[in-house]
>>> print(open('my_file38.tsv').read())   # TSV, C-alpha atoms
chain	number	residue	atom	x	y	z
A	102	ALA	CA	38.13	41.66	-3.32
A	103	ALA	CA	34.46	42.04	-4.27
A	104	THR	CA	34.77	39.41	-7.00
A	105	CYS	CA	36.51	36.89	-4.68
A	106	MET	CA	39.37	36.60	-7.18
A	107	ALA	CA	42.12	37.69	-4.78
A	108	PRO	CA	43.31	34.11	-3.99
A	109	ALA	CA	43.43	33.21	-7.69
A	110	VAL	CA	45.34	36.38	-8.57
A	111	ALA	CA	47.78	35.93	-5.66
A	112	THR	CA	48.35	32.29	-6.61
A	113	TYR	CA	48.97	33.28	-10.23
A	114	ARG	CA	51.43	35.97	-9.10
A	115	PHE	CA	53.24	33.39	-7.00
A	116	VAL	CA	53.40	30.81	-9.80
A	117	VAL	CA	54.82	33.31	-12.31
A	118	GLY	CA	57.28	34.63	-9.71
A	119	ALA	CA	56.05	38.21	-9.47
A	120	GLU	CA	57.64	40.38	-6.82
A	121	VAL	CA	55.68	41.05	-3.65
A	122	GLY	CA	54.89	44.72	-3.20
A	123	GLN	CA	55.73	46.61	-0.02
A	124	GLY	CA	52.06	47.12	0.85
A	125	ALA	CA	51.07	43.46	0.44
A	126	LEU	CA	49.20	42.13	3.43
A	127	ILE	CA	49.66	38.43	2.61
A	128	GLU	CA	52.55	36.80	0.80
A	129	PRO	CA	51.61	34.92	-2.38
A	130	VAL	CA	53.18	31.67	-1.11
A	131	PHE	CA	50.86	31.80	1.90
A	132	VAL	CA	47.81	32.24	-0.34
A	133	TYR	CA	49.05	29.39	-2.56
A	134	ALA	CA	49.42	27.17	0.51
A	135	MET	CA	45.95	28.06	1.75
A	136	VAL	CA	44.37	27.30	-1.63
A	137	LYS	CA	46.11	23.91	-1.69
A	138	MET	CA	45.04	23.10	1.88
A	139	VAL	CA	41.42	24.02	1.14
A	140	GLU	CA	41.54	21.80	-1.94
A	141	LEU	CA	43.03	18.97	0.12
A	142	GLY	CA	40.64	19.29	3.05
A	143	GLY	CA	37.53	20.11	1.08
A	144	GLU	CA	37.88	17.80	-1.89
A	145	SER	CA	40.65	15.21	-1.93
A	146	ILE	CA	40.42	13.75	1.57
A	147	PRO	CA	36.60	13.58	1.76
A	148	GLU	CA	36.51	12.03	-1.72
A	149	SER	CA	39.04	9.39	-0.70
A	150	VAL	CA	37.20	8.62	2.55
A	151	LEU	CA	33.92	8.23	0.66
A	152	GLN	CA	35.50	5.95	-1.93
A	153	ALA	CA	37.21	3.85	0.76
A	154	SER	CA	33.99	3.47	2.76
A	155	VAL	CA	32.12	2.37	-0.37
A	156	LEU	CA	34.87	-0.15	-1.15
A	157	LEU	CA	34.82	-1.48	2.42
A	158	ASN	CA	31.02	-1.81	2.37
A	159	ALA	CA	30.82	-3.46	-1.06
A	160	ASP	CA	30.69	-7.17	-1.68
A	161	LYS	CA	33.76	-8.68	-3.27
A	162	ALA	CA	31.87	-9.30	-6.50
A	163	ASP	CA	30.82	-5.62	-6.71
A	164	VAL	CA	34.36	-4.22	-6.49
A	165	THR	CA	35.74	-3.48	-9.94
A	166	TYR	CA	39.22	-2.61	-11.12
A	167	LEU	CA	37.93	0.82	-12.11
A	168	SER	CA	36.81	1.59	-8.55
A	169	ILE	CA	40.18	0.47	-7.17
A	170	ILE	CA	42.04	2.56	-9.76
A	171	SER	CA	39.83	5.56	-8.96
A	172	PHE	CA	40.54	5.20	-5.24
A	173	ALA	CA	44.29	4.84	-5.84
A	174	GLY	CA	44.19	7.86	-8.15
A	175	SER	CA	42.47	9.93	-5.47
A	176	LEU	CA	45.12	8.98	-2.92
A	177	LEU	CA	47.96	9.71	-5.37
A	178	ALA	CA	46.43	13.09	-6.24
A	179	ALA	CA	46.10	14.01	-2.56
A	180	GLY	CA	49.71	12.92	-1.97
A	181	ALA	CA	50.82	15.02	-4.94
A	182	LEU	CA	49.03	18.06	-3.46
A	183	VAL	CA	50.90	17.66	-0.18
A	184	ALA	CA	54.24	17.03	-1.93
A	185	ASP	CA	53.74	20.06	-4.18
A	186	LEU	CA	52.90	22.20	-1.16
A	187	ASN	CA	56.04	21.01	0.66
A	188	TYR	CA	58.25	21.53	-2.39
A	189	THR	CA	56.84	24.97	-3.16
A	190	THR	CA	57.12	26.35	0.37
A	191	GLU	CA	60.62	24.91	0.77
A	192	SER	CA	61.86	26.37	-2.52
A	193	SER	CA	60.23	29.72	-1.71
A	194	ARG	CA	61.97	29.85	1.67
A	195	MET	CA	65.22	28.81	0.06
A	196	LYS	CA	64.98	31.67	-2.44
A	197	GLU	CA	64.19	34.15	0.35
A	198	GLN	CA	67.14	33.05	2.49
A	199	GLN	CA	69.75	33.26	-0.28
A	200	THR	CA	72.35	35.84	0.70
A	201	PRO	CA	76.03	35.97	-0.19
A	202	GLY	CA	78.04	33.58	1.92
A	203	MET	CA	75.08	31.36	2.77
A	204	HIS	CA	74.98	27.71	1.88
A	205	PRO	CA	72.38	27.13	-0.88
A	206	LEU	CA	70.62	24.47	1.19
A	207	TYR	CA	67.87	25.90	3.38
A	208	GLY	CA	66.25	22.74	4.62
A	209	PHE	CA	65.90	19.51	2.71
A	210	LEU	CA	65.80	20.86	-0.83
A	211	ARG	CA	68.96	20.33	-2.86
A	212	THR	CA	70.05	22.72	-5.56
A	213	SER	CA	70.61	19.96	-8.13
A	214	LEU	CA	67.74	18.79	-10.29
A	215	LEU	CA	68.21	15.18	-9.19
A	216	GLY	CA	68.06	16.23	-5.52
A	217	GLN	CA	64.88	18.22	-6.12
A	218	VAL	CA	63.23	15.32	-7.94
A	219	ALA	CA	64.29	12.93	-5.17
A	220	PHE	CA	62.81	15.30	-2.56
A	221	PHE	CA	59.52	15.58	-4.44
A	222	VAL	CA	59.20	11.83	-5.07
A	223	SER	CA	60.02	10.94	-1.46
A	224	ALA	CA	57.61	13.60	-0.14
A	225	TRP	CA	54.94	12.29	-2.52
A	226	GLY	CA	55.45	8.70	-1.36
A	227	PHE	CA	55.40	9.61	2.32
A	228	ALA	CA	52.36	11.87	1.98
A	229	THR	CA	50.45	9.25	-0.02
A	230	ALA	CA	51.21	6.51	2.51
A	231	TYR	CA	50.26	8.76	5.43
A	232	LEU	CA	47.04	9.88	3.76
A	233	ALA	CA	46.19	6.29	2.83
A	234	SER	CA	46.48	5.16	6.45
A	235	SER	CA	44.41	8.12	7.66
A	236	VAL	CA	41.75	7.63	4.96
A	237	PHE	CA	41.54	3.91	5.73
A	238	ALA	CA	41.12	4.64	9.45
A	239	LEU	CA	38.40	7.24	8.81
A	240	ALA	CA	36.59	4.96	6.35
A	241	THR	CA	36.75	2.05	8.79
A	242	MET	CA	35.29	4.23	11.54
A	243	LEU	CA	32.56	5.44	9.18
A	244	VAL	CA	31.63	1.93	8.07
A	245	SER	CA	31.71	0.51	11.61
A	246	SER	CA	29.64	3.39	13.01
A	247	LEU	CA	27.02	2.90	10.27
A	248	TRP	CA	26.99	-0.82	11.07
A	249	LEU	CA	26.64	-0.10	14.80
A	250	VAL	CA	23.77	2.34	14.18
A	251	GLY	CA	22.06	-0.23	12.00
A	252	ILE	CA	22.36	-2.94	14.65
A	253	CYS	CA	21.46	-0.89	17.74
A	254	ILE	CA	18.85	1.59	16.53
A	255	ILE	CA	17.09	-0.14	13.66
A	256	PRO	CA	15.70	-3.48	14.90
>>> encode(input="my_file38.tsv", output="structure tokens")
Amino acid sequence: AATCMAPAVATYRFVVGAEVGQGALIEPVFVYAMVKMVELGGESIPESVLQASVLLNADKADVTYLSIISFAGSLLAAGALVADLNYTTESSRMKEQQTPGMHPLYGFLRTSLLGQVAFFVSAWGFATAYLASSVFALATMLVSSLWLVGICIIP
């Protein structure tokens, strides 16, 4: 705990599928989810909002294909984080709930590989579209508030 490596170790234990000990205070899937949410909230979403606000503020001649590809890549990466988080927590719950006589479907995750891929791709598409609309709204508010401050305060 003194080296601040506990989240990294717990995430590694979760990824490799190590058993949770009886004295564990926090389950590894919870730590994994928290690490992903911190990455999403502290890096991916602010990066996308900043890129979108720059694109909205730029002249049409200043917008390059590279900046558009970078923005799209940021949104796709954020969507992949959310999809991975959904898939991982769902599969972890499904493994926990497996008992004899239970149907192997816990929630939305199918046991076949095609069903799992379809779940991940659909979750990725939905999360990316949702994040894109949220990022666009935040960037529009940021750009319009900067414009309003420039008009009202600076003569």
>>> atom_distance(input="my_file38.tsv", atom1="atom CA of Val236 of chain A", atom2="atom CA of Glu148 of chain A")
9.6 Å
>>> atom_distance(input="my_file38.tsv", atom1="atom CA of Ser154 of chain A", atom2="atom CA of Ala240 of chain A")
4.7 Å
>>> closest_residue(input="my_file38.tsv", among="A:Ser192, A:Asn158, A:Gln152, A:Ser235", to="Ile170 of chain A", atoms="only C-alpha atoms")
A:Gln152
>>> residues_around(input="my_file38.tsv", residues="Ser168 of chain A", least_positions_apart="5", cutoff="10 Å", atoms="only C-alpha atoms", output="VMD selection string")
chain A and resid 152 to 153 155 to 156 163 173 to 174
>>> atom_distance(input="my_file38.tsv", atom1="atom CA of Leu177 of chain A", atom2="atom CA of Val244 of chain A")
22.5 Å
>>> residues_near_point(input="my_file38.tsv", point="(44.2, 25.2, -2.1)", cutoff="12 Å", atoms="all atoms listed in the file", output="ChimeraX atom specification")
/A:108-109,111-112,130-145,179,182-183,185-186
>>> axis_aligned_box(input="my_file38.tsv", around="segment 175-190 of chain A", padding_each_side="6 Å", output="lines of an AutoDock Vina configuration file")
center_x = 50.4
center_y = 17.7
center_z = -2.8
size_x = 27.8
size_y = 29.4
size_z = 18.9
>>> residues_around(input="my_file38.tsv", residues="Leu176 of chain A", least_positions_apart="3", cutoff="9 Å", atoms="all atoms listed in the file", output="short mmCIF file (atom, residue, chain, number, x, y, z; two decimals) with C-alpha atoms, in the coordinates of the input")
data_model
loop_
_atom_site.label_atom_id
_atom_site.label_comp_id
_atom_site.auth_asym_id
_atom_site.auth_seq_id
_atom_site.Cartn_x
_atom_site.Cartn_y
_atom_site.Cartn_z
CA SER A 145 40.65 15.21 -1.93
CA ILE A 146 40.42 13.75 1.57
CA SER A 149 39.04 9.39 -0.70
CA SER A 171 39.83 5.56 -8.96
CA PHE A 172 40.54 5.20 -5.24
CA ALA A 173 44.29 4.84 -5.84
CA ALA A 179 46.10 14.01 -2.56
CA GLY A 180 49.71 12.92 -1.97
CA ALA A 181 50.82 15.02 -4.94
CA THR A 229 50.45 9.25 -0.02
CA ALA A 230 51.21 6.51 2.51
CA LEU A 232 47.04 9.88 3.76
CA ALA A 233 46.19 6.29 2.83
CA VAL A 236 41.75 7.63 4.96
#
